[in-house]
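Peer 1: One structure, pasted below without further comment.
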Amino acid sequence: MRRQDLEQVVALDARVTGLEKRAYWERVYRRYGHAQRGEQRLFLVAVAGSEVVGFVIGEVRDWEFGSPPCGWVFAIDVDPRVRQAGIGTRLLTALCDAMRSAGVRQLRTLLSADNTLILSFFRSQGMMAAPMIPLGMEMPPATGRSRS
Amino acid sequence: MKLQVNTLLALYSVLDFAADPQRHIPASEIADRYGVSAHHLAKVLAELARAGVVESVRGVGGGYRFSANARRLTLMDVIQLFEDISSPRREAEDTAADRAIDTVLAEVDQMARATFSSITVATMLRLVEREAGSR
């Protein structure tokens, strides 16, 4: 991932999600785009000619969620115009290779239960339900005076 | 999670057909394999044919063959032809406990649907291959 690829990543994400999130992607780039050696953060792009046609982002996290060092992939996308050409598979393979060389033996991810497109992709790569259960809750606005 | 017999028969059949999509498989061959009557299986295959998952081939060497896209067809697509896996609506009084139990059952249903909807027949065939290799 190079700084000059960021514009195309922002545009690709906007094309897929319908939302342009420039400030978000700037923060992602600062954290993952030029991580120091040994930080085990990865931001990989797939390039066809001079065009970014896909990206994957992940990192190795140690002992988070009660888990030994583990690779997490938190974003992957491929330009809808070039899907079904194996680009997502190659991106994920490259991410796995990098994580494997860092000594990681488990890859995990988390996504919305109704995101069947990406869920199906990860399933096709051999991922199964992890022995973890995501939990969430609504947080209604606080009422009354808050204690200081 | 327990699927009905016809749903399981449909899944077994779909995997058999999709594993060799060019081949016409006689219904009797599949019926023998799973120990059910040809008459019983015919109803299952007719439903799959109506949905465009398989197509019947008449004449010598006839039978059925896979006619869907294995990379698009999900387990949920097949299951919902035969049953509704959602928890049945309970005829109970609308107490807070009922509502709490319904909330938990809805969570279980959502996870089941997400799992079945995200596994395509192509992915399932790879899983079958992996299981076969592990024995």
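Just remember, in the structure tokens the first chain shown is A, the second B, etc., residues are 1-based per chain, and ligands are 1-based in the order shown.
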Could you build a table of the residues in chain A lying no more than 6 Å from chain B, giving for each the nearest pair of atoms and their separation in Å rounded to one decimal place, using only C-alpha atoms, ordered by chain and ascending residue number, as a tab-separated table?
Peer 2:
```
residue	atom	partner	partner_atom	distance
A:Ala113	CA	B:Ala114	CA	5.4
A:Thr116	CA	B:Ser118	CA	5.4
A:Leu119	CA	B:Ser118	CA	5.5
A:Ser120	CA	B:Ser118	CA	4.4
A:Ser124	CA	B:Thr123	CA	5.0
```
Peer 1: When you look at stretch 69-81 of chain A with a cut-off of 10 Å (counting only C-alpha atoms), what residues show up, excluding the ones that are within fewer than 5 positions of it in the same chain? I need them as number ranges by chain.
Peer 2: A: 9, 11-13, 15-16, 40-46, 52-64, 86-88, 91-92, 95-96, 98-100, 102-111, 118, 121-122
Peer 1: Any chance you could list, as JSON, numbers by chain, the residues in stretch 71-138 of chain A that come up strand (DSSP E or B) when DSSP is run on the backbone?
Peer 2: {"A": [71, 72, 73, 74, 75, 76, 77, 78, 107, 108]}
Peer 1: Could you write out, as a ChimeraX atom specification, all the residues of stretch 51-124 of chain A that DSSP marks as helix (DSSP H, G or I)?
Peer 2: /A:64-66,80-82,87-101,116-124
Peer 1: Write a file of the selected residues as a CSV table (one decimal), in the first residue's frame, keeping C-alpha atoms.
Peer 2:
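Listed below is the output, part_27.csv:
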```
chain,number,residue,atom,x,y,z
A,64,GLU,CA,-7.3,-9.7,22.9
A,65,PHE,CA,-10.7,-11.2,23.4
A,66,GLY,CA,-8.9,-13.8,25.6
A,80,PRO,CA,-17.6,-5.1,-8.3
A,81,ARG,CA,-16.6,-4.8,-12.0
A,82,VAL,CA,-13.8,-7.4,-11.6
A,87,ILE,CA,-8.7,-11.2,-6.7
A,88,GLY,CA,-10.2,-11.6,-3.2
A,89,THR,CA,-8.7,-15.1,-2.9
A,90,ARG,CA,-5.3,-13.7,-3.8
A,91,LEU,CA,-5.5,-10.8,-1.4
A,92,LEU,CA,-6.5,-13.1,1.5
A,93,THR,CA,-3.8,-15.6,0.6
A,94,ALA,CA,-1.2,-12.8,0.6
A,95,LEU,CA,-2.5,-11.7,4.0
A,96,CYS,CA,-2.4,-15.2,5.4
A,97,ASP,CA,1.2,-15.7,4.0
A,98,ALA,CA,2.3,-12.6,5.8
A,99,MET,CA,0.6,-13.6,9.1
A,100,ARG,CA,1.9,-17.1,8.8
A,101,SER,CA,5.5,-15.8,8.5
A,116,THR,CA,-24.0,-12.7,3.0
A,117,LEU,CA,-21.7,-11.6,0.1
A,118,ILE,CA,-18.6,-11.3,2.3
A,119,LEU,CA,-19.7,-14.1,4.6
A,120,SER,CA,-19.9,-16.4,1.6
A,121,PHE,CA,-16.5,-15.3,0.4
A,122,PHE,CA,-14.9,-16.2,3.8
A,123,ARG,CA,-16.8,-19.5,3.9
A,124,SER,CA,-15.4,-20.3,0.4
```
Peer 1: Separation of atom CA of A:Met128 and atom CA of A:Val47, in Å?
Peer 2: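 Separation between atom CA of A:Met128 and atom CA of A:Val47: 28.8 Å.
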Peer 1: Find, counting only C-alpha atoms, the residue in B:Glu29, B:Glu55, B:Leu105, B:Phe66 that gets nearest to B:Leu15.
Peer 2: B:Phe66
Peer 1: If we count only C-alpha atoms and set the cut-off at 7 Å, which residues sit around B:Pro26, ignoring sequence neighbours fewer than 5 positions away in its own chain? Please answer as a PyMOL selection string.
Peer 2: chain B and resi 62-64
Peer 1: Deliver the residues from the most recent selection as a file, using N, CA, C and O atoms, as a compact mmCIF listing (two decimals), in the first residue's frame.
Peer 2:
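Output saved as result_10.txt:
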```
# COMPACT_ATOMS: atom_id res chain seq x y z
N GLY B 62 -31.36 -41.49 -18.70
CA GLY B 62 -31.97 -40.29 -18.13
C GLY B 62 -31.86 -40.26 -16.63
O GLY B 62 -31.23 -41.10 -16.01
N GLY B 63 -32.50 -39.28 -16.07
CA GLY B 63 -32.43 -39.10 -14.62
C GLY B 63 -32.51 -37.62 -14.34
O GLY B 63 -33.30 -36.90 -14.96
N TYR B 64 -31.68 -37.18 -13.45
CA TYR B 64 -31.63 -35.75 -13.14
C TYR B 64 -30.19 -35.28 -13.21
O TYR B 64 -29.25 -36.06 -13.05
```
Peer 1: Just checking: using only C-alpha atoms, which residue out of B:Arg33, B:Arg135, B:His40, B:Arg90 ends up closest to B:Val5?
Peer 2: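 Between B:Arg33, B:Arg135, B:His40, B:Arg90, the residue approaching B:Val5 most closely is B:His40.
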Peer 1: Applying 8 Å and only C-alpha atoms, which residues near B:Leu9 remain after dropping the ones on its own chain fewer than 6 positions away? List them as a ChimeraX atom specification.
Peer 2: /B:34,41,44
Peer 1: Extract, using only C-alpha atoms, all DNA, RNA and protein residues at most 12 Å from B:Asp84, discarding same-chain residues fewer than 2 positions from it, and format them as number ranges by chain.
Peer 2: B: 2-4, 7, 76-82, 86-89, 109, 112-113
Peer 1: Could you save those same residues with N, CA and C atoms as an mmCIF file, in the first residue's frame?
Peer 2:
```
data_model
loop_
_atom_site.group_PDB
_atom_site.id
_atom_site.type_symbol
_atom_site.label_atom_id
_atom_site.label_comp_id
_atom_site.auth_asym_id
_atom_site.auth_seq_id
_atom_site.Cartn_x
_atom_site.Cartn_y
_atom_site.Cartn_z
ATOM 1 N N LYS B 2 -32.263 -29.402 13.990
ATOM 2 C CA LYS B 2 -32.597 -30.680 13.359
ATOM 3 C C LYS B 2 -33.403 -30.390 12.103
ATOM 4 N N LEU B 3 -32.927 -30.886 10.982
ATOM 5 C CA LEU B 3 -33.648 -30.667 9.724
ATOM 6 C C LEU B 3 -34.564 -31.859 9.453
ATOM 7 N N GLN B 4 -35.660 -31.591 8.749
ATOM 8 C CA GLN B 4 -36.590 -32.666 8.419
ATOM 9 C C GLN B 4 -35.972 -33.618 7.391
ATOM 10 N N THR B 7 -35.727 -32.437 3.818
ATOM 11 C CA THR B 7 -34.714 -31.392 3.651
ATOM 12 C C THR B 7 -33.326 -32.026 3.549
ATOM 13 N N MET B 76 -29.297 -22.441 2.415
ATOM 14 C CA MET B 76 -30.591 -21.846 2.773
ATOM 15 C C MET B 76 -31.559 -21.895 1.595
ATOM 16 N N ASP B 77 -31.031 -21.662 0.374
ATOM 17 C CA ASP B 77 -31.892 -21.714 -0.818
ATOM 18 C C ASP B 77 -32.586 -23.075 -0.920
ATOM 19 N N VAL B 78 -31.858 -24.130 -0.590
ATOM 20 C CA VAL B 78 -32.433 -25.484 -0.682
ATOM 21 C C VAL B 78 -33.363 -25.738 0.510
ATOM 22 N N ILE B 79 -32.887 -25.395 1.701
ATOM 23 C CA ILE B 79 -33.663 -25.693 2.912
ATOM 24 C C ILE B 79 -35.045 -25.042 2.855
ATOM 25 N N GLN B 80 -35.067 -23.771 2.422
ATOM 26 C CA GLN B 80 -36.358 -23.070 2.487
ATOM 27 C C GLN B 80 -37.383 -23.590 1.473
ATOM 28 N N LEU B 81 -36.939 -24.442 0.544
ATOM 29 C CA LEU B 81 -37.908 -25.088 -0.351
ATOM 30 C C LEU B 81 -38.739 -26.117 0.406
ATOM 31 N N PHE B 82 -38.172 -26.624 1.514
ATOM 32 C CA PHE B 82 -38.811 -27.741 2.208
ATOM 33 C C PHE B 82 -39.343 -27.412 3.598
ATOM 34 N N SER B 86 -37.481 -21.218 11.100
ATOM 35 C CA SER B 86 -37.723 -20.286 12.206
ATOM 36 C C SER B 86 -38.472 -21.002 13.326
ATOM 37 N N SER B 87 -38.227 -20.578 14.538
ATOM 38 C CA SER B 87 -38.960 -21.157 15.663
ATOM 39 C C SER B 87 -40.449 -20.903 15.463
ATOM 40 N N PRO B 88 -41.299 -21.906 15.725
ATOM 41 C CA PRO B 88 -42.739 -21.701 15.540
ATOM 42 C C PRO B 88 -43.265 -20.646 16.504
ATOM 43 N N ARG B 89 -44.260 -19.908 16.039
ATOM 44 C CA ARG B 89 -44.885 -18.911 16.923
ATOM 45 C C ARG B 89 -45.568 -19.639 18.066
ATOM 46 N N ASP B 109 -32.359 -18.229 15.788
ATOM 47 C CA ASP B 109 -32.835 -18.299 14.396
ATOM 48 C C ASP B 109 -31.951 -17.469 13.472
ATOM 49 N N ALA B 112 -28.726 -19.238 12.760
ATOM 50 C CA ALA B 112 -28.919 -20.395 11.868
ATOM 51 C C ALA B 112 -29.091 -19.918 10.429
ATOM 52 N N ARG B 113 -29.917 -18.882 10.251
ATOM 53 C CA ARG B 113 -30.142 -18.370 8.892
ATOM 54 C C ARG B 113 -28.852 -17.822 8.296
#
```
Peer 1: At what distance in Å, to one decimal, does atom CA of B:Pro21 lie from atom CA of B:His39?
Peer 2: 23.0 Å
Peer 1: Work out how far atom CA of B:Ala27 is from atom CA of B:Leu45, in Å to one decimal.
Peer 2: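 Separation between atom CA of B:Leu45 and atom CA of B:Ala27: 8.0 Å.
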Peer 1: Rank B:Ala132, B:Ala100, B:Leu75, B:Val14 by their smallest atom-to-atom distance to B:Ile30, using only C-alpha atoms, and report the top residue only.
Peer 2: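 Of B:Ala132, B:Ala100, B:Leu75, B:Val14, the one nearest B:Ile30, counting only C-alpha atoms, is B:Val14.
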Peer 1: So, with only C-alpha atoms as the atoms that count, which of B:Met1, B:Ala10, B:Ala49, B:Ala19 lies closest to B:Val128?
Peer 2: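 Going through B:Met1, B:Ala10, B:Ala49, B:Ala19 one by one, the smallest distance to B:Val128 is for B:Ala19.
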